[in-house]
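Novice: Here you go, my_file_10.tsv (TSV, C-alpha atoms):
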chain	number	residue	atom	x	y	z
A	12	MET	CA	-1.06	60.24	-21.04
A	13	ASP	CA	-5.81	63.12	-24.25
A	14	LYS	CA	-2.88	60.07	-25.83
A	15	LYS	CA	-7.42	61.44	-24.84
A	16	THR	CA	-4.23	59.93	-24.50
A	17	LYS	CA	-1.43	59.48	-28.13
A	18	THR	CA	-0.14	62.14	-30.38
A	19	GLU	CA	-2.29	62.96	-33.34
A	20	PRO	CA	-0.75	63.63	-36.74
A	21	LYS	CA	0.34	67.23	-37.18
A	22	LYS	CA	-2.01	69.03	-39.52
A	23	ASN	CA	-2.46	72.54	-40.72
A	24	ILE	CA	-5.61	73.23	-38.79
A	25	LYS	CA	-5.59	77.01	-39.04
A	26	LYS	CA	-8.30	77.18	-41.69
A	27	ASN	CA	-10.29	74.20	-40.51
A	28	THR	CA	-10.77	74.85	-36.83
A	29	LYS	CA	-13.38	76.86	-35.04
A	30	THR	CA	-13.34	78.50	-31.66
A	31	VAL	CA	-15.39	76.92	-28.90
A	32	HIS	CA	-14.50	78.84	-25.74
A	33	ALA	CA	-11.68	80.38	-23.80
A	34	ASP	CA	-10.31	78.70	-20.68
A	35	HIS	CA	-8.14	80.66	-18.26
A	36	LYS	CA	-7.65	77.77	-15.88
A	37	LYS	CA	-4.63	75.49	-16.06
A	38	THR	CA	-5.26	72.79	-18.62
A	39	ALA	CA	-3.39	69.75	-19.81
A	40	ALA	CA	-0.16	71.75	-19.93
A	41	THR	CA	0.16	71.49	-16.17
A	42	LYS	CA	-2.63	69.14	-15.18
A	43	LYS	CA	-3.36	66.46	-17.71
A	44	ALA	CA	-1.21	64.07	-19.67
A	45	ASP	CA	-3.10	62.19	-22.30
A	46	THR	CA	-2.49	58.85	-20.70
A	47	LYS	CA	-6.18	58.26	-20.36
A	48	THR	CA	-8.12	56.34	-22.94
A	49	THR	CA	-11.69	55.87	-24.07
A	50	ALA	CA	-13.84	53.63	-21.92
A	51	ILE	CA	-13.35	49.97	-22.63
A	52	LYS	CA	-16.67	48.15	-22.83
A	53	SER	CA	-17.02	44.81	-21.06
A	54	LYS	CA	-17.30	41.77	-23.27
A	55	LYS	CA	-17.37	38.06	-22.62
A	56	ILE	CA	-14.03	36.36	-21.98
A	57	SER	CA	-13.61	32.72	-22.85
A	58	ILE	CA	-13.73	30.58	-19.70
A	59	ASP	CA	-10.89	28.53	-21.15
A	60	THR	CA	-8.51	31.49	-21.14
A	61	PRO	CA	-6.34	31.54	-17.99
A	62	LYS	CA	-5.97	34.83	-16.17
A	63	PRO	CA	-2.54	36.35	-16.90
A	64	THR	CA	-0.03	36.92	-14.09
A	65	VAL	CA	2.54	38.97	-16.03
A	66	VAL	CA	1.72	41.88	-18.32
A	67	GLY	CA	2.12	41.15	-22.01
A	68	HIS	CA	0.82	42.56	-25.27
A	69	GLY	CA	-2.95	42.40	-25.55
A	70	HIS	CA	-3.63	42.37	-21.81
A	71	LEU	CA	-6.03	44.78	-20.13
A	72	VAL	CA	-4.28	46.61	-17.29
A	73	SER	CA	-5.27	49.10	-14.59
A	74	VAL	CA	-2.52	51.46	-13.44
A	75	GLU	CA	-2.25	54.10	-10.72
A	76	TYR	CA	0.21	56.86	-11.63
A	77	VAL	CA	1.72	60.22	-10.81
A	78	GLY	CA	3.35	62.18	-13.65
A	79	THR	CA	5.97	64.90	-13.23
A	80	LEU	CA	8.09	67.14	-15.46
A	81	ASN	CA	11.88	67.56	-15.24
A	82	SER	CA	11.26	70.56	-13.00
A	83	GLY	CA	9.49	68.33	-10.50
A	84	GLU	CA	6.09	69.87	-11.28
A	85	GLU	CA	3.27	67.33	-11.15
A	86	PHE	CA	1.17	67.52	-14.29
A	87	ASP	CA	-1.21	64.63	-13.68
A	88	ASN	CA	-2.14	61.80	-11.33
A	89	SER	CA	-4.81	59.13	-10.97
A	90	LYS	CA	-5.87	60.07	-7.43
A	91	ASN	CA	-9.00	61.96	-8.45
A	92	ASN	CA	-10.25	59.82	-11.34
A	93	GLY	CA	-8.95	56.39	-10.35
A	94	PRO	CA	-6.51	54.12	-12.20
A	95	ILE	CA	-6.25	54.34	-15.96
A	96	GLN	CA	-7.23	51.25	-17.92
A	97	PHE	CA	-5.88	50.31	-21.34
A	98	ILE	CA	-5.00	47.39	-23.57
A	99	VAL	CA	-1.24	46.95	-23.80
A	100	GLY	CA	-0.07	47.38	-27.38
A	101	GLY	CA	-3.42	48.85	-28.44
A	102	ASN	CA	-2.05	52.36	-29.11
A	103	GLN	CA	-4.28	53.77	-26.38
A	104	VAL	CA	-1.53	55.51	-24.41
A	105	ILE	CA	1.77	57.12	-25.34
A	106	LYS	CA	4.43	54.72	-26.58
A	107	GLY	CA	6.76	55.01	-23.59
A	108	PHE	CA	3.99	54.40	-21.06
A	109	ASP	CA	2.69	51.42	-22.98
A	110	ALA	CA	6.13	49.78	-23.05
A	111	ALA	CA	6.85	50.43	-19.37
A	112	VAL	CA	4.15	48.09	-18.02
A	113	LEU	CA	5.38	45.03	-19.94
A	114	GLY	CA	6.59	42.33	-17.56
A	115	MET	CA	4.94	43.83	-14.48
A	116	LYS	CA	2.78	41.87	-12.00
A	117	VAL	CA	-0.13	43.09	-9.91
A	118	ASN	CA	1.07	45.32	-7.04
A	119	ASP	CA	4.44	45.91	-8.75
A	120	ALA	CA	5.54	49.56	-8.69
A	121	LYS	CA	8.18	51.36	-10.71
A	122	LYS	CA	9.45	54.79	-11.66
A	123	PHE	CA	10.56	55.59	-15.19
A	124	LYS	CA	11.19	58.46	-17.55
A	125	ILE	CA	9.75	58.85	-21.04
A	126	THR	CA	11.73	61.08	-23.36
A	127	LYS	CA	9.83	63.51	-25.56
A	128	VAL	CA	10.46	61.21	-28.55
A	129	ASP	CA	8.26	58.51	-26.99
A	130	ALA	CA	5.83	61.01	-25.46
A	131	TYR	CA	4.52	63.98	-27.49
A	132	GLY	CA	7.54	64.78	-29.65
A	133	ASP	CA	9.23	68.11	-30.30
A	134	ILE	CA	7.43	71.42	-30.61
A	135	ASN	CA	6.40	71.97	-34.24
A	136	PRO	CA	6.93	75.64	-35.23
A	137	GLU	CA	4.32	75.28	-37.95
A	138	LEU	CA	1.68	74.83	-35.27
A	139	ILE	CA	2.37	78.27	-33.83
A	140	GLN	CA	-0.03	80.41	-35.83
A	141	VAL	CA	-1.44	83.92	-35.97
A	142	VAL	CA	-5.22	84.38	-36.07
A	143	PRO	CA	-6.90	87.75	-36.73
A	144	LEU	CA	-8.95	88.84	-33.74
A	145	ASP	CA	-11.89	89.66	-35.97
A	146	LYS	CA	-12.18	85.94	-36.75
A	147	ILE	CA	-12.89	85.20	-33.10
A	148	PRO	CA	-16.36	85.85	-31.60
A	149	GLU	CA	-16.42	89.01	-29.52
A	150	HIS	CA	-17.57	87.33	-26.29
A	151	ILE	CA	-14.50	85.08	-26.47
A	152	ARG	CA	-12.14	87.78	-27.74
A	153	THR	CA	-12.69	89.89	-24.64
A	154	GLN	CA	-11.58	86.98	-22.41
A	155	LEU	CA	-8.28	86.26	-24.15
A	156	LYS	CA	-5.05	86.80	-22.26
A	157	VAL	CA	-1.44	85.74	-22.71
A	158	GLY	CA	-0.82	82.43	-20.95
A	159	GLY	CA	-4.47	81.48	-21.13
A	160	PHE	CA	-5.98	78.77	-23.27
A	161	LEU	CA	-8.48	78.76	-26.07
A	162	VAL	CA	-10.42	75.57	-26.76
A	163	MET	CA	-10.77	74.91	-30.48
A	164	GLN	CA	-12.47	72.20	-32.49
A	165	SER	CA	-10.86	70.25	-35.31
A	166	PRO	CA	-12.64	69.28	-38.56
A	167	ILE	CA	-13.47	65.85	-37.09
A	168	GLY	CA	-15.00	67.35	-33.97
A	169	GLN	CA	-12.20	66.83	-31.48
A	170	GLN	CA	-11.65	69.62	-28.98
A	171	MET	CA	-8.12	70.73	-28.17
A	172	PRO	CA	-6.63	73.44	-25.94
A	173	VAL	CA	-4.35	75.95	-27.65
A	174	LYS	CA	-2.21	78.37	-25.69
A	175	VAL	CA	-2.30	82.13	-26.21
A	176	ILE	CA	1.36	83.18	-26.41
A	177	LYS	CA	0.97	86.72	-27.75
A	178	LEU	CA	-1.86	89.20	-28.11
A	179	ASP	CA	-1.91	92.54	-29.89
A	180	ALA	CA	-4.50	94.94	-31.27
A	181	LYS	CA	-5.17	92.92	-34.41
A	182	ASN	CA	-4.03	89.34	-33.86
A	183	VAL	CA	-3.77	86.53	-31.36
A	184	HIS	CA	-0.76	84.21	-31.57
A	185	LEU	CA	-1.66	80.61	-30.74
A	186	ASP	CA	0.51	77.61	-29.95
A	187	MET	CA	-1.39	74.57	-31.25
A	188	ASN	CA	1.20	72.02	-30.18
A	189	HIS	CA	0.22	69.45	-27.59
A	190	PRO	CA	0.66	71.08	-24.16
A	191	LEU	CA	3.32	68.50	-23.25
A	192	ALA	CA	5.21	68.63	-26.56
A	193	GLY	CA	8.95	69.05	-26.08
A	194	GLN	CA	8.81	67.67	-22.53
A	195	ASP	CA	10.40	64.59	-20.98
A	196	LEU	CA	7.94	62.93	-18.61
A	197	THR	CA	8.54	60.95	-15.41
A	198	PHE	CA	5.98	58.52	-14.00
A	199	ASP	CA	5.60	56.67	-10.71
A	200	ILE	CA	3.19	53.81	-11.37
A	201	LYS	CA	1.63	50.83	-9.64
A	202	LEU	CA	-0.10	47.98	-11.45
A	203	VAL	CA	-3.42	47.34	-9.68
A	204	GLY	CA	-5.26	45.22	-12.24
A	205	LEU	CA	-4.42	42.65	-14.92
A	206	GLU	CA	-6.90	40.80	-17.12
A	207	ASN	CA	-7.22	39.30	-20.56
A	208	ALA	CA	-8.47	41.90	-23.00
A	209	PRO	CA	-12.19	41.77	-23.86
A	210	GLU	CA	-12.98	39.91	-27.03
A	211	GLN	CA	-14.03	42.12	-29.90
A	212	GLY	CA	-17.38	41.33	-31.49
A	213	GLU	CA	-19.33	42.40	-34.51
A	214	GLU	CA	-21.55	44.48	-32.26
A	215	ASP	CA	-18.68	46.81	-31.39
A	216	CYS	CA	-18.91	50.39	-32.57
A	217	CYS	CA	-16.41	50.86	-35.40
A	218	GLY	CA	-16.02	47.10	-35.71
A	219	GLY	CA	-13.68	47.04	-32.72
A	220	GLY	CA	-11.46	49.71	-34.21
A	221	CYS	CA	-11.95	52.22	-31.38
A	222	SER	CA	-9.49	50.43	-29.15
A	223	ASP	CA	-6.54	51.05	-31.40
A	224	GLY	CA	-7.39	54.55	-32.49
A	225	SER	CA	-8.56	53.54	-35.96
A	226	CYS	CA	-12.06	53.50	-37.27
A	227	GLY	CA	-13.69	52.01	-40.32
A	228	ASP	CA	-15.97	53.88	-42.68
A	229	GLU	CA	-18.91	51.94	-41.30
A	230	CYS	CA	-18.60	53.57	-37.89
A	231	CYS	CA	-21.77	55.29	-36.83
A	232	ASP	CA	-23.12	55.88	-40.31
A	233	ASP	CA	-26.37	57.75	-40.83
A	234	ASP	CA	-28.41	54.54	-40.87
A	235	SER	CA	-27.16	53.24	-37.54
A	236	LYS	CA	-26.19	56.21	-35.36
A	237	GLU	CA	-29.73	56.86	-34.15
A	238	GLU	CA	-30.27	53.20	-33.30
A	239	SER	CA	-27.14	52.59	-31.23
A	240	GLU	CA	-26.47	54.36	-27.94
A	241	ASP	CA	-22.98	52.86	-27.92
A	242	CYS	CA	-22.35	54.40	-31.31
A	243	ASN	CA	-23.30	57.86	-30.12
A	244	ASN	CA	-20.91	57.51	-27.20
A	245	CYS	CA	-18.07	56.19	-29.32
A	246	ASP	CA	-14.88	58.22	-29.00
A	247	CYS	CA	-13.35	57.07	-32.24
A	248	GLY	CA	-12.74	60.48	-33.74
A	249	HIS	CA	-15.81	60.67	-35.98
A	250	LYS	CA	-18.15	63.57	-35.44
A	251	HIS	CA	-21.52	62.17	-34.36
Output the structure of this file as structure tokens.
Specialist:
Amino acid sequence: MDKKTKTEPKKNIKKNTKTVHADHKKTAATKKADTKTTAIKSKKISIDTPKPTVVGHGHLVSVEYVGTLNSGEEFDNSKNNGPIQFIVGGNQVIKGFDAAVLGMKVNDAKKFKITKVDAYGDINPELIQVVPLDKIPEHIRTQLKVGGFLVMQSPIGQQMPVKVIKLDAKNVHLDMNHPLAGQDLTFDIKLVGLENAPEQGEEDCCGGGCSDGSCGDECCDDDSKEESEDCNNCDCGHKH
């Protein structure tokens, strides 16, 4: 749930990506849904604000979950890493997951399905591309195999797994779609935490924009990035 955990805009990244390493283990295709978000930093809550009892937009929630595909295969769960935490309506998780928690109370549980439209969309044929093998470093090239994954880096520094779907003497065919694109997703969830969202302050990296996936031009500029540890750890999409 990467959406980190929402779907990023489809881009032609063939010419602007570089290889990082090959990964033959199962990746997000069968293990991880991008329902997880960046860490939410604690900030002061007004003592006059009553604690919510029912989930609404702008609330900070903690959710335990198990995600499965139509085949029944489990692709992700919160057992190993603990509940996911996100601000409802903050574009931190996929649309269908975000909407499903509205109206829930602590300890409520539910099961629901998210169609591909509200998850990671359809498979985009334009993101299935052919890359000459001589463009890939030799130590990585020798590890490639059909069904394996290659981790690549986008122009803004984000790493993404791409699946090797064909390999011949001269080229490797890569599927750069999100591993869960084209899939309907089913979740069993339990709400285990409900709070008012932290107040955003001027001290926030990106001016508070990290929580909704946006980021201002002032984020982690050259004058401030060495002075702020929070800035260096910001997961707003800028390359630091």
Novice: Using only C-alpha atoms and a cutoff of 8 Å, can you tell me which residues are near (2.6, 52.7, -13.6) in the file's coordinates, and write them out as number ranges by chain?
Specialist: A: 74-76, 108, 111-112, 120-122, 198-202
Novice: Hey, what's within 8 Å of Asp109 (chain A) if we count only C-alpha atoms and toss same-chain stuff fewer than 4 positions away? As JSON, numbers by chain, please?
Specialist: {"A": [99, 100, 102, 104, 105, 113]}
Novice: Nearest to Leu196 (chain A) among A:Lys174, A:Lys116, A:Lys106, A:Lys156, with distances taken over all atoms listed in the file: which residue is it?
Specialist: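 Closest residue, counting all atoms listed in the file: A:Lys106.
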Novice: Compare A:Val183, A:Met163, A:Leu191, A:Ile134 by their minimum atom-to-atom distance to Thr79 (chain A), counting all atoms listed in the file, and give me the closest one.
Specialist: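 Checking each candidate against Thr79 (chain A), we get A:Leu191 as the closest.
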Novice: Using all atoms listed in the file, find the one residue out of A:Val162, A:Val142, A:Ala208, A:Ile147 that sits nearest to Asn182 (chain A).
Specialist: A:Val142
Novice: Figure out the distance between CA of Gly69 (chain A) and CA of Gly101 (chain A), please, to one decimal in Å.
Specialist: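 Taking CA of Gly101 (chain A) as the start and CA of Gly69 (chain A) as the end point, the length is 7.1 Å.
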Novice: Any idea what's packed within 12 Å of Ala180 (chain A), counting all atoms listed in the file, ignoring anything in its chain fewer than 6 positions away? Could you give it as a count of residues only?
Specialist: 7
Novice: Just to confirm, what's the straight-line distance from CA of Gln103 (chain A) to CA of Pro209 (chain A) in Å (one decimal)?
Specialist: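 These two atoms are separated by 14.6 Å.
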Novice: From the options A:Gly159, A:Gly204, A:Pro148, A:Gly132, which residue's atoms come nearest to Ala192 (chain A), counting all atoms listed in the file?
Specialist: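 Distance minimum relative to Ala192 (chain A) lands on A:Gly132.
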Novice: Enumerate, as a list of chain:residue names, the protein, DNA and RNA residues whose atoms approach (-3.2, 45.7, -15.4) to within 7 Å, taking into account all atoms listed in the file and the coordinate frame of the file.
Specialist: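 Those residues lying close to the given coordinates are A:Val66, A:Leu71, A:Val72, A:Ser73, A:Val74, A:Val117, A:Leu202, A:Val203, A:Gly204, A:Leu205, A:Glu206.
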Novice: Complete the atoms of region 131-154 of chain A to N, CA and C atoms and put them out as a PDB file, in the coordinates of the input.
Specialist:
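As written to disk, part01.pdb reads:
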ATOM      1  N   TYR A 131       5.272  63.140 -26.563  1.00  0.00           N
ATOM      2  CA  TYR A 131       4.520  63.980 -27.490  1.00  0.00           C
ATOM      3  C   TYR A 131       5.396  64.692 -28.511  1.00  0.00           C
ATOM      4  N   GLY A 132       6.668  64.249 -28.615  1.00  0.00           N
ATOM      5  CA  GLY A 132       7.540  64.780 -29.650  1.00  0.00           C
ATOM      6  C   GLY A 132       8.016  66.198 -29.394  1.00  0.00           C
ATOM      7  N   ASP A 133       8.731  66.738 -30.380  1.00  0.00           N
ATOM      8  CA  ASP A 133       9.230  68.110 -30.300  1.00  0.00           C
ATOM      9  C   ASP A 133       8.121  69.104 -30.626  1.00  0.00           C
ATOM     10  N   ILE A 134       8.346  70.337 -30.253  1.00  0.00           N
ATOM     11  CA  ILE A 134       7.430  71.420 -30.610  1.00  0.00           C
ATOM     12  C   ILE A 134       7.552  71.686 -32.112  1.00  0.00           C
ATOM     13  N   ASN A 135       6.438  71.716 -32.797  1.00  0.00           N
ATOM     14  CA  ASN A 135       6.400  71.970 -34.240  1.00  0.00           C
ATOM     15  C   ASN A 135       6.136  73.460 -34.479  1.00  0.00           C
ATOM     16  N   PRO A 136       7.120  74.193 -35.002  1.00  0.00           N
ATOM     17  CA  PRO A 136       6.930  75.640 -35.230  1.00  0.00           C
ATOM     18  C   PRO A 136       5.758  75.955 -36.136  1.00  0.00           C
ATOM     19  N   GLU A 137       5.414  75.028 -37.028  1.00  0.00           N
ATOM     20  CA  GLU A 137       4.320  75.280 -37.950  1.00  0.00           C
ATOM     21  C   GLU A 137       2.959  75.334 -37.241  1.00  0.00           C
ATOM     22  N   LEU A 138       2.920  74.817 -36.029  1.00  0.00           N
ATOM     23  CA  LEU A 138       1.680  74.830 -35.270  1.00  0.00           C
ATOM     24  C   LEU A 138       1.554  76.050 -34.367  1.00  0.00           C
ATOM     25  N   ILE A 139       2.488  76.982 -34.501  1.00  0.00           N
ATOM     26  CA  ILE A 139       2.370  78.270 -33.830  1.00  0.00           C
ATOM     27  C   ILE A 139       1.866  79.253 -34.881  1.00  0.00           C
ATOM     28  N   GLN A 140       0.628  79.665 -34.766  1.00  0.00           N
ATOM     29  CA  GLN A 140      -0.030  80.410 -35.830  1.00  0.00           C
ATOM     30  C   GLN A 140      -0.645  81.706 -35.323  1.00  0.00           C
ATOM     31  N   VAL A 141      -0.869  82.609 -36.273  1.00  0.00           N
ATOM     32  CA  VAL A 141      -1.440  83.920 -35.970  1.00  0.00           C
ATOM     33  C   VAL A 141      -2.869  83.961 -36.527  1.00  0.00           C
ATOM     34  N   VAL A 142      -3.814  84.326 -35.668  1.00  0.00           N
ATOM     35  CA  VAL A 142      -5.220  84.380 -36.070  1.00  0.00           C
ATOM     36  C   VAL A 142      -5.740  85.798 -35.867  1.00  0.00           C
ATOM     37  N   PRO A 143      -6.334  86.404 -36.887  1.00  0.00           N
ATOM     38  CA  PRO A 143      -6.900  87.750 -36.730  1.00  0.00           C
ATOM     39  C   PRO A 143      -7.982  87.757 -35.660  1.00  0.00           C
ATOM     40  N   LEU A 144      -7.967  88.755 -34.817  1.00  0.00           N
ATOM     41  CA  LEU A 144      -8.950  88.840 -33.740  1.00  0.00           C
ATOM     42  C   LEU A 144     -10.374  88.938 -34.268  1.00  0.00           C
ATOM     43  N   ASP A 145     -10.532  89.521 -35.458  1.00  0.00           N
ATOM     44  CA  ASP A 145     -11.890  89.660 -35.970  1.00  0.00           C
ATOM     45  C   ASP A 145     -12.484  88.326 -36.434  1.00  0.00           C
ATOM     46  N   LYS A 146     -11.684  87.275 -36.413  1.00  0.00           N
ATOM     47  CA  LYS A 146     -12.180  85.940 -36.750  1.00  0.00           C
ATOM     48  C   LYS A 146     -12.681  85.205 -35.507  1.00  0.00           C
ATOM     49  N   ILE A 147     -12.490  85.814 -34.359  1.00  0.00           N
ATOM     50  CA  ILE A 147     -12.890  85.200 -33.100  1.00  0.00           C
ATOM     51  C   ILE A 147     -14.113  85.927 -32.551  1.00  0.00           C
ATOM     52  N   PRO A 148     -15.151  85.202 -32.136  1.00  0.00           N
ATOM     53  CA  PRO A 148     -16.360  85.850 -31.600  1.00  0.00           C
ATOM     54  C   PRO A 148     -16.014  86.836 -30.480  1.00  0.00           C
ATOM     55  N   GLU A 149     -16.739  87.933 -30.452  1.00  0.00           N
ATOM     56  CA  GLU A 149     -16.420  89.010 -29.520  1.00  0.00           C
ATOM     57  C   GLU A 149     -16.469  88.571 -28.059  1.00  0.00           C
ATOM     58  N   HIS A 150     -17.441  87.729 -27.695  1.00  0.00           N
ATOM     59  CA  HIS A 150     -17.570  87.330 -26.290  1.00  0.00           C
ATOM     60  C   HIS A 150     -16.385  86.477 -25.837  1.00  0.00           C
ATOM     61  N   ILE A 151     -15.709  85.858 -26.785  1.00  0.00           N
ATOM     62  CA  ILE A 151     -14.500  85.080 -26.470  1.00  0.00           C
ATOM     63  C   ILE A 151     -13.271  85.975 -26.550  1.00  0.00           C
ATOM     64  N   ARG A 152     -13.278  86.867 -27.529  1.00  0.00           N
ATOM     65  CA  ARG A 152     -12.140  87.780 -27.740  1.00  0.00           C
ATOM     66  C   ARG A 152     -11.848  88.608 -26.505  1.00  0.00           C
ATOM     67  N   THR A 153     -12.885  89.032 -25.812  1.00  0.00           N
ATOM     68  CA  THR A 153     -12.690  89.890 -24.640  1.00  0.00           C
ATOM     69  C   THR A 153     -12.100  89.124 -23.449  1.00  0.00           C
ATOM     70  N   GLN A 154     -12.104  87.789 -23.513  1.00  0.00           N
ATOM     71  CA  GLN A 154     -11.580  86.980 -22.410  1.00  0.00           C
ATOM     72  C   GLN A 154     -10.143  86.517 -22.637  1.00  0.00           C
TER      73      GLN A 154
END
